[in-house]
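Taking it in order: structure first as structure tokens, then the write-up.
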Amino acid sequence: MKLGVYINAQHPQGDDPGRRFAETIEQVRLIRKMGFDSIWSGEHHVTDGFHYYPLLPMLQRLAAEAEGMEIGTNIVLLPLHNPMEIAEVGAFLDVITSGKFNLGVGLGYRNEEFAMFGVPMKERVSRLTEGIEIIKRLWTEDKVTHKGRHWQFENMTIRPQPAKKPRPPIMIAAHVDAAVERAARVADGWCIVPTPRLDEVAAHAKIFADTRKAAGLPKSEHLVRLYEIVCAPDEETALRRAAPFLLAKYAAYASWGLPGLDFRKEDAPEVQLKKLAANRFGVGTPEQVISALMDQHRTGITHVTMRTSWPGMKHEDALAGIELLGQKVLPEVRRRIAAGA
């Protein structure tokens with residue numbers, strides 16, 4: 001199981017974006033220094049009260065600070081985009097990372113974003129599946145001709161082609177049965193959102209594996225979990241450090257319509273976070289976080305992308321969490337996995 005860090009690209013609109021991005025660069029440099037496997041980030045638009053860095057340009061800049069590491073999208077909202085452009089930019093990211101780019105894509109679910117791009121939300125599934133087909137072909141073929149529902153073109157070749165052969169892996173984000181089955185059939189792997197509890201992830205992992213087997217497809221090596229991690233010398237510090245910022249993120253998720261976020265706002269923030277995190281996140285001491293990550297490994301996750309900071313969180317707290325993970329958690333998780341724990 002690989003261990004990466006999810007880069008927070010969202011910040012309160014009152015924060016200086018230049019300063020926040022300079023902090024992001026410092027965080028990525030520390031992530032590389034501590035020996036993590038990868039960095040990832042995601043895409044959203046028109047988030048009231050916040051600014052959100054554009055995903056692919058940000059990753060192009062951060063690639064210079066993450067030499068030797070894998071870089072991934074978790075996720076590109078593919079129905080909003082022209083897949084030919086995503087194929088071009090993704091191939092370039094794969095070239096500049098020496099074949100270490102991972103493309104995670106998803107449907108999207110916010111009306112504001114579809115309105116911004118002028119894309120009918122009712123077309124999102126067909127645009128996703130057709131877009132993946134186009135990207136796969138453009139990454140592996142020359143003079144591609146495509147006659148689809150949403151895109152039509154003849155004799156198209158992109159250059160440069162990806163460095164990784166035959167192509168970079170493509171994963172689909174999914175958190176309901178039908179979407180998990182679609183990811184198993186259409187993509188190389190599955191991006192798992194952070195909201196499900198451990199038993200829900202295990203149930204969906206079985207659906208994913210069974211669907212691939214029934215379709216005659218090989219076992220996937222790309223089960224990527226976006227996972228909330230708060231690591232501090234003691235659990236009280238971890239809860240206090242992260243609660244206001246992580247809870248605000250999940251309040252936004254709830255307002256966007258994501259199910260299963262059952263925390264009580266009348267409780268103290270630390271109590272809310274502890275309840276929300278139960279069997280869902282890794283929060284606490286290094287040993288508590290190690291135990292939570294090993295649970296992910298036993299569920300079949302092959303790559304954990306740990307989100308360690310949230311909009312508004314202090315830069316020094318983000319750095320402290322990354323450093324503690326690198327010093328105490330990363331080597332021990334690798335040791336236990338190697339030992340077959």
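How things are named: the first chain in the structure tokens is A, the next is B, and so on; residues count from 1 in each chain; ligands count from 1 in the order shown.
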For this session: Tell me, as a list in words, which residues lie within 12 Å of A:Ala292, counting only C-alpha atoms; anything in the same chain fewer than 4 positions away does not count.
Result: Arg197, Leu198, Tyr227, Glu228, Ile229, Val230, Cys231, Ala277, Ala278, Asn279, Arg280, Phe281, Gly282, Val283, Gly284, Thr285, Pro286, Glu287, Gln288, Gln296, His297, Arg298, Thr299, Val304, Met306, Val329 and Val333 of chain A
Selection file, C-alpha atoms, as a short mmCIF file (atom, residue, chain, number, x, y, z; two decimals), in the first residue's frame:
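Written output follows (result12.cif):
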data_model
loop_
_atom_site.label_atom_id
_atom_site.label_comp_id
_atom_site.auth_asym_id
_atom_site.auth_seq_id
_atom_site.Cartn_x
_atom_site.Cartn_y
_atom_site.Cartn_z
CA ARG A 197 -17.04 4.12 7.18
CA LEU A 198 -14.67 1.17 7.08
CA TYR A 227 -8.46 9.60 3.72
CA GLU A 228 -8.69 12.26 6.42
CA ILE A 229 -5.66 12.07 8.74
CA VAL A 230 -4.97 14.17 11.82
CA CYS A 231 -1.77 13.15 13.59
CA ALA A 277 -14.17 10.20 12.64
CA ALA A 278 -15.19 6.90 14.28
CA ASN A 279 -14.40 4.05 11.83
CA ARG A 280 -14.10 6.71 9.11
CA PHE A 281 -10.89 8.77 9.58
CA GLY A 282 -7.48 8.38 11.20
CA VAL A 283 -7.33 10.87 14.07
CA GLY A 284 -5.02 10.86 17.08
CA THR A 285 -1.55 9.73 18.05
CA PRO A 286 0.89 8.11 15.63
CA GLU A 287 -0.11 4.68 16.93
CA GLN A 288 -3.82 5.42 16.43
CA GLN A 296 -7.30 0.45 5.17
CA HIS A 297 -4.62 -1.97 3.99
CA ARG A 298 -6.58 -4.99 5.20
CA THR A 299 -9.63 -3.72 3.31
CA VAL A 304 -3.93 6.06 0.51
CA MET A 306 -3.98 11.40 3.17
CA VAL A 329 3.79 6.64 10.86
CA VAL A 333 3.17 1.18 8.32
#
Exercise. Near A:Asp16, counting only C-alpha atoms, which residues have an atom at most 12 Å away, once you skip same-chain residues fewer than 6 positions from it, shown as a PyMOL selection string?
Worked result: chain A and resi 10+22-23+50-51+312
For this session: Find, counting only C-alpha atoms, the residue in A:Val271, A:Val89, A:Ala179, A:Ala174 that gets nearest to A:Pro244.
Result: A:Val271
For this session: Using only C-alpha atoms, determine which residues lie at most 9 Å from A:His204, disregarding the query and same-chain residues fewer than 6 positions distant; provide the list as JSON, numbers by chain.
Result: {"A": [175, 176, 177, 180, 181]}
For this session: Write out as an MDAnalysis selection string the residues lying within 9 Å of A:Gly321, counting only C-alpha atoms and excluding same-chain residues fewer than 3 positions away.
Result: chainID A and resid 229:232 238 308:309 316:318 324:326
Problem set entry | Near-A:Leu138 list (12 Å; only C-alpha atoms; drop same-chain fewer than 2 positions) as a count of residues only | 35
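Neighbours of A:Arg185 closer than or equal to 9 Å, with only C-alpha atoms counted and sequence neighbours fewer than 4 positions away skipped, come out as Val180, Glu181, Phe208, Thr211, Arg212, Ala215 and Leu217 of chain A.
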Store the residues of this selection in a file with C-alpha atoms, as a PDB file, in the first residue's frame.
ATOM      1  CA  VAL A 180     -18.658   1.325  -8.085  1.00  0.00           C
ATOM      2  CA  GLU A 181     -19.726  -1.244 -10.688  1.00  0.00           C
ATOM      3  CA  PHE A 208     -15.728  -3.712  -7.226  1.00  0.00           C
ATOM      4  CA  THR A 211     -17.710  -6.878 -10.970  1.00  0.00           C
ATOM      5  CA  ARG A 212     -14.228  -6.967 -12.487  1.00  0.00           C
ATOM      6  CA  ALA A 215     -16.350  -8.928 -16.653  1.00  0.00           C
ATOM      7  CA  LEU A 217     -10.948  -8.143 -16.060  1.00  0.00           C
TER       8      LEU A 217
END
For this session: Write down as a PyMOL selection string the residues belonging to stretch 77-310 of chain A that are assigned helix (DSSP H, G or I) by DSSP computed on the backbone.
Result: chain A and resi 78-80+83-96+111-117+121-140+177-186+198-214+235-255+269-277+286-299
Exercise. What are the DSSP strand (DSSP E or B) residues of stretch 173-244 of chain A, as a ChimeraX atom specification?
Worked result: /A:173-174,189-192,223-231
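The coordinates place atom CA of A:Val105 at 23.1 Å from atom CA of A:Ala214.
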Problem set entry | Residue among A:Gln13, A:Ser220, A:Gln60, A:Ser41 lying closest to A:Asp94, counting only C-alpha atoms | A:Gln60
Exercise. Please, what distance in Å, to one decimal, runs between atom CA of A:Leu59 and atom CA of A:Met1?
Worked result: 22.6 Å
Problem set entry | Proximity to A:His44 - best of A:Val28, A:Leu223, A:Leu77, A:Leu62, only C-alpha atoms | A:Leu77
Exercise. Of the candidates A:Thr129, A:Lys164, A:Trp310, A:Phe36, which one gets nearest to A:Val95 if we count only C-alpha atoms?
Worked result: A:Lys164
